[in-house]
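To start, the structure under review is shown below, and the notes come after it.
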Amino acid sequence: MALVLPLELARPLDVLLIDNFDSFTWNIYQSLCLLGAAVTVVRNDALAPAAFPLLKINALIISPGPGHPATDSGISCDAIRYFTGKVPVLGVCMGLECLVDVFGGQIGYAGETMHGKVSAIRHDGRGCFKDIPQGIKSTRYHSLSAAASTFPEELAITAITQDSGVIMGVRHRKYTLEAVQYHPESILSEGGDMLFKNFLALRGGTWDLNPAFRVADEALPAFGLEGIASVVEPAVPGQAGGSSGSKVPTILEKIYAQRLKDVELAKKTPGTTPEDLDTLLSLNIAPAPVSFVERLRQAPKKPALMAEIKRASPSKGAIAMSANAARQALTYALAGASVISVLTEPTWFKGTLLDMRVAREAIDALPHRPAVLRKDFIFDEYQIAEARLHGADSVLLIVAMLPVPRLHALYAYARALGIEPLVEVNNAREMEAALALGAQVVGVNNRNLHDFEVDMGTTSRLADMVRERDVVLCALSGIQSAQDVRTYTAQGVGAVLVGEALMRANDTRAFIRQLLDWPEPEPDEEAAAEAVAPLVKICGIRTEDEAIAAVEAGADMLGLMFVPSSKRCVSLEQARKISAAVHARRLERPPRPTATTAAAVELGLSAAEQLKNETWFAAHARRLSARLAGDGPLVVGVFQNQPLEAVLGAVAAVPLDMVQLHGAEPVGWARHVPVPTVRAFHVGEDGSGLAGVARAGAHQFVLLDAVPAGRGGALSGGTGSRVDVRVAKDVVERGEGGGGDRLPVILAGGLDAGNVREVVAAVRPWAVDVSGGVENADGSGKDPEKVKAFVKAAKGW
């Protein structure tokens with residue numbers, strides 16, 4: 001006989017509420033009706049499961065009830081099985097227990113009997129808990145609950161009691177099945193109407209059809225057993241209250257909650273949406289990365305230093321609020337850091353993505369720049385894309401705040417973008433997760449992120465777990481003394497991260513040497529640099545004879561003018577003849593080995609010397625000086641506001657060893673010129689014209705020339721005017737971006753044999769440039785005797 005539904009059920013129904021013989025069913029009914037739902041109630045024995053296919057419903061609710069779901073819930077479990085994936089299903093109290101039972105979980109004693117008692121609960125903020133505040137009061141009438149030890153994989157824990165960790169909410173990971181253990185309909189429960197309203201807004205049988213509820217959003221970490229609730233110890237059976245004193249970690253949770261908001265805002269901002277970031281990455285404009293792993297492994301002095309830029313922290317408050325990230329990064333790099341860690345969390349650590357970008361830019365021109373690590377609370381691929389676009393070579397992944405699937409997804413995404421993450425752990429379980437991930441660099445945080453307490457023994461306890469593995473082990477947080485570092489080094493630690501102590505140090509370089517037991521620098525290095533005579537450039541060479549005379553006088557560079565308006569301008573044909581004569585003369589000299597050749601290792605340079613970082617201009621000045629010591633004079637072509645193609649054509653045709661851009665050419669031209677480039681700065685009598693004088697990464701050399709008095713904004717050159725010695729000295733001594741090194745400059749304008757020695761003593765330029773000061777009285781050419789006298793005076797011979 002065919003099944004026939006009762007008339008009241010044989011029509012489309014909005015909400016079907018199965019009553020497990022509990023008086024609270026009618027409170028649920030009233031709450032739903034007040035929210036505008038049309039609710040139909042049936043007892044749990046009033047319908048056969050075989051009739052379920054005949055029902056046309058929009059949603060199903062399983063009510064509270066006495067007893068155990070396996071024996072006292074009637075058709076409730078069968079209804080859940082049938083309607084899973086078809087319509088949204090909500091369970092309340094016994095309804096939760098039915099849901100867990102259907103998917104194979106066990107229901108047992110909760111460890112506490114609660115009848116009309118109120119508990120504060122924490123939840124994941126998704127699904128039916130969307131827009132509900134944390135710590136809400138919940139009214140509980142139960143002694144049974146889902147057992148965490150047998151919790152089904154298909155389900156996720158969504159809420160727990162704040163004081164004892166009893167499961168208060170569950171949800172199916174795929175289907176729109178959700179349940180709470182407490183009674184949201186109770187007058188003493190907070191947020192009940194919002195929970196019901198969220199449920200009534202669900203459509204269809206799967207979460208991916210309800211994106212606004214963010215259940216299927218993998219960018220969010222899981223809750224409960226997989227997330228931050230896992231630190232709450234479960235209640236002890238038979239113990240009243242079951243509280244272990246553990247609480248959900250408020251510091252980490254607050255930081256995480258704020259970062260969620262920060263990331264969501266960034267994603268919604270025009271220009272920084274996920275689609276925008278994908279486009280920027282596809283355009284290959286992210287700064288090229290270096291290998292984070294190799295920077296650590298190749299550190300010439302062990303352990304490798306990971307130096308951190310950190311203005312503040314939740315545990316210490318303000319540390320160095322006025323710190324400049326770019327200056328700090330350059331200081332760290334020149335002091336020997338292998339990695340620069342930049343805090344980019346703005347609320348508690350007072351860091352920004354801009355800090356990381358300028359830190360990267362400050363060190364980008366170094367020959368062996370440190371790797372840049374984005375230190376933040378990373379939970380979304382979006383943050384890794386941000387990091388790459390701002391110049392990061394690595395990102396931090398914290399195992400404590402990431403469920404295993406999220407950890408693997410973020411690690412894979414970072415690797416796909418060409419960077420190796422630093423995986424942070426704090427205990428053996430987290431270390432096992434990091435090793436199972438295949439992480440090449442594992443950092444042990446001595447600070448517990450839940451309470452921010454520091455235990456310096458944490459790294460020591462975990463060191464043995466990686467001893468036989470190809471993993472770089474890093475000690476993170478709390479390192480203050482050389483003894484801390486020695487202890488970790490003896491245990492196989494390959495790198496140490498130091499932040500607060502470095503930020504508070506008065507002398508950063510000295511502190512690093514002391515902390516890591518690095519040797520003091522050679523005391524005579526600076527004195528030796530001061531003793532080096534400047535190079536000499538004779539500009540305006542017009543004939544082969546003038547060139548050979550300058551070479552014999554000891555000149556290091558010969559300038560050929562290609563500026564049409566100059567009386568010293570030479571044709572390409574004449575330039576070829578001069579270049580050929582100079583290069584032939586150079587070949588007559590026996591070759592001399594220099595430190596710039598590929599034989600550096602054979603010459604006995606240590607690993608530290610081979611990987612030493614120098615500022616941009618200092619490094620190029622040193623290399624060129626070494627080259628000239630064994631190679632002889634170089635031919636320099638001088639141009640002023642001529643087309644780039646004309647410059648490149650002359651370089652190839654002559655050929656030229658160097659180019660001097662003496663006009664207002666774009667800085668970027670230097671990247672297109674295939675030989676080293678000198679850029680002239682036209683210095684006014686008031687010291688103007690020096691903007692960007694120490695900007696690294698384009699031209700390799702800086703020349704200072706004077707603009708005549710009263711001709712502000714004009715170009716320098718050929719006037720015999722001198723740069724104010726005080727201005728030139730200040731430029732030299734300010735160095736390169738606060739890196740501590742002097743700026744090597746070529747000083748030109750108004751020099752001759754009579755004043756050059758005095759100027760050299762006052763300014764200490766790397767090179768001097770002369771033209772009119774060594775010419776015949778009528779300006780028709782170079783005077784060989786004046787050239788000799790100038791070189792002798794400049795070099796102090």
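Chains: A, B, ... in order of the structure tokens. Residues: from 1 per chain. Ligands: from 1, in order shown.
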Polymer residues at most 10 Å from A:Lys301, only C-alpha atoms, same-chain spacing of 4 or more positions, as a VMD selection string: chain A and resid 297 305 336 to 338 516 to 519 607 to 608
Could the residues in this selection be saved with N, CA and C atoms as a compact mmCIF listing (two decimals), in the first residue's frame?
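Final output, out.txt:
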```
# COMPACT_ATOMS: atom_id res chain seq x y z
N ARG A 297 72.56 28.56 5.39
CA ARG A 297 73.59 27.51 5.33
C ARG A 297 74.96 28.06 4.95
N LEU A 305 72.92 34.65 11.76
CA LEU A 305 72.12 35.62 12.51
C LEU A 305 70.88 36.01 11.72
N GLY A 336 76.67 41.72 9.27
CA GLY A 336 76.85 40.29 9.06
C GLY A 336 75.61 39.43 9.17
N ALA A 337 74.43 40.04 9.26
CA ALA A 337 73.20 39.25 9.35
C ALA A 337 72.96 38.47 8.07
N SER A 338 72.49 37.23 8.21
CA SER A 338 72.14 36.40 7.06
C SER A 338 70.68 36.58 6.66
N LEU A 516 77.51 36.96 19.31
CA LEU A 516 77.81 35.77 18.51
C LEU A 516 79.27 35.36 18.57
N ASP A 517 80.05 35.99 19.43
CA ASP A 517 81.48 35.66 19.57
C ASP A 517 82.22 35.83 18.25
N TRP A 518 81.84 36.86 17.47
CA TRP A 518 82.54 37.13 16.23
C TRP A 518 83.77 37.98 16.52
N PRO A 519 84.84 37.80 15.77
CA PRO A 519 86.06 38.56 16.05
C PRO A 519 85.90 40.05 15.76
N ALA A 607 86.05 32.49 3.67
CA ALA A 607 84.62 32.48 3.31
C ALA A 607 83.97 33.78 3.75
N ALA A 608 84.35 34.28 4.92
CA ALA A 608 83.79 35.53 5.41
C ALA A 608 84.12 36.68 4.48
```
Picked from stretch 483-546 of chain A by DSSP as strand (DSSP E or B), as a PyMOL selection string: chain A and resi 495-498+535-539
Two-atom distance - atom CA of A:Asp778, atom CA of A:Val725 (Å):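 Atom-to-atom, atom CA of A:Asp778 to atom CA of A:Val725, that is 28.0 Å.
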Could you produce a table of the residues of stretch 318-395 of chain A lying within 9 Å of stretch 406-413 of chain A, with the nearest pair of atoms per residue and their separation in Å rounded to one decimal, using only C-alpha atoms, ordered by chain and increasing residue number, as a tab-separated table?
```
residue	atom	partner	partner_atom	distance
A:Ile378	CA	A:Leu410	CA	8.6
A:Phe379	CA	A:Leu410	CA	7.6
A:Asp380	CA	A:Leu410	CA	7.1
A:Glu381	CA	A:Leu410	CA	6.1
A:Ile384	CA	A:Tyr413	CA	7.9
A:Ala385	CA	A:Tyr413	CA	9.0
```
Write to file, as a tab-separated table (two decimals), in the first residue's frame, the residues of the selection just made, with N, CA and C atoms.
```tsv
chain	number	residue	atom	x	y	z
A	378	ILE	N	50.44	34.54	9.70
A	378	ILE	CA	50.02	34.19	8.34
A	378	ILE	C	48.99	33.06	8.38
A	379	PHE	N	47.83	33.30	7.79
A	379	PHE	CA	46.80	32.26	7.72
A	379	PHE	C	46.14	32.20	6.35
A	380	ASP	N	46.55	33.10	5.44
A	380	ASP	CA	45.88	33.23	4.15
A	380	ASP	C	46.92	33.37	3.05
A	381	GLU	N	46.68	32.71	1.92
A	381	GLU	CA	47.58	32.85	0.77
A	381	GLU	C	47.75	34.31	0.37
A	384	ILE	N	50.79	35.83	1.82
A	384	ILE	CA	52.04	35.39	1.20
A	384	ILE	C	52.25	36.14	-0.12
A	385	ALA	N	51.16	36.35	-0.86
A	385	ALA	CA	51.27	37.14	-2.09
A	385	ALA	C	51.71	38.57	-1.76
```
Taking only residues of stretch 747-784 of chain A that have an atom at most 12 Å from an atom of stretch 562-578 of chain A, what is each one's shortest atom pair and its distance in Å to one decimal, using only C-alpha atoms, in chain and number order, as CSV?
```
residue,atom,partner,partner_atom,distance
A:Ser771,CA,A:Arg568,CA,9.5
A:Gly772,CA,A:Arg568,CA,10.1
A:Glu775,CA,A:Arg568,CA,11.0
A:Gly779,CA,A:Lys567,CA,9.1
A:Ser780,CA,A:Arg568,CA,8.8
A:Gly781,CA,A:Arg568,CA,8.5
A:Lys782,CA,A:Arg568,CA,10.5
```
Restricted to N, CA, C and O atoms, what would the selected residues look like written as a PDB file, in the first residue's frame?
```pdb
ATOM      1  N   SER A 771      90.359  68.994 -15.966  1.00  0.00           N
ATOM      2  CA  SER A 771      90.423  69.227 -17.411  1.00  0.00           C
ATOM      3  C   SER A 771      91.132  70.546 -17.677  1.00  0.00           C
ATOM      4  O   SER A 771      92.300  70.583 -18.053  1.00  0.00           O
ATOM      5  N   GLY A 772      90.442  71.658 -17.441  1.00  0.00           N
ATOM      6  CA  GLY A 772      91.042  72.957 -17.703  1.00  0.00           C
ATOM      7  C   GLY A 772      92.277  73.239 -16.872  1.00  0.00           C
ATOM      8  O   GLY A 772      93.170  73.981 -17.306  1.00  0.00           O
ATOM      9  N   GLU A 775      95.593  72.352 -18.826  1.00  0.00           N
ATOM     10  CA  GLU A 775      95.685  72.690 -20.240  1.00  0.00           C
ATOM     11  C   GLU A 775      96.704  73.803 -20.495  1.00  0.00           C
ATOM     12  O   GLU A 775      97.137  74.519 -19.574  1.00  0.00           O
ATOM     13  N   GLY A 779      94.369  77.038 -24.050  1.00  0.00           N
ATOM     14  CA  GLY A 779      93.288  76.058 -24.049  1.00  0.00           C
ATOM     15  C   GLY A 779      93.255  75.149 -25.247  1.00  0.00           C
ATOM     16  O   GLY A 779      92.263  74.460 -25.498  1.00  0.00           O
ATOM     17  N   SER A 780      94.358  75.080 -25.985  1.00  0.00           N
ATOM     18  CA  SER A 780      94.381  74.288 -27.219  1.00  0.00           C
ATOM     19  C   SER A 780      94.632  72.816 -26.979  1.00  0.00           C
ATOM     20  O   SER A 780      94.468  71.999 -27.883  1.00  0.00           O
ATOM     21  N   GLY A 781      95.044  72.437 -25.796  1.00  0.00           N
ATOM     22  CA  GLY A 781      95.330  71.035 -25.513  1.00  0.00           C
ATOM     23  C   GLY A 781      95.917  70.871 -24.134  1.00  0.00           C
ATOM     24  O   GLY A 781      96.054  71.825 -23.358  1.00  0.00           O
ATOM     25  N   LYS A 782      96.240  69.638 -23.813  1.00  0.00           N
ATOM     26  CA  LYS A 782      96.783  69.339 -22.495  1.00  0.00           C
ATOM     27  C   LYS A 782      98.278  69.660 -22.452  1.00  0.00           C
ATOM     28  O   LYS A 782      99.013  69.386 -23.406  1.00  0.00           O
TER      29      LYS A 782
END
```
Contact residues around A:Gln700 with only C-alpha atoms at 12 Å, ignoring same-chain residues under 3 positions, as a ChimeraX atom specification: /A:365,615-624,658-661,667-671,673-680,693-697,703,743-746
Atom CA of A:Leu558 to atom CA of A:Val635, straight-line distance in Å: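 Atom CA of A:Val635 sits 5.0 Å away from atom CA of A:Leu558.
The smallest atom-to-atom distance between A:Glu544 and any of A:Ala584, A:Thr84, A:Asp507, A:Pro49, using only C-alpha atoms, is found for A:Ala584.
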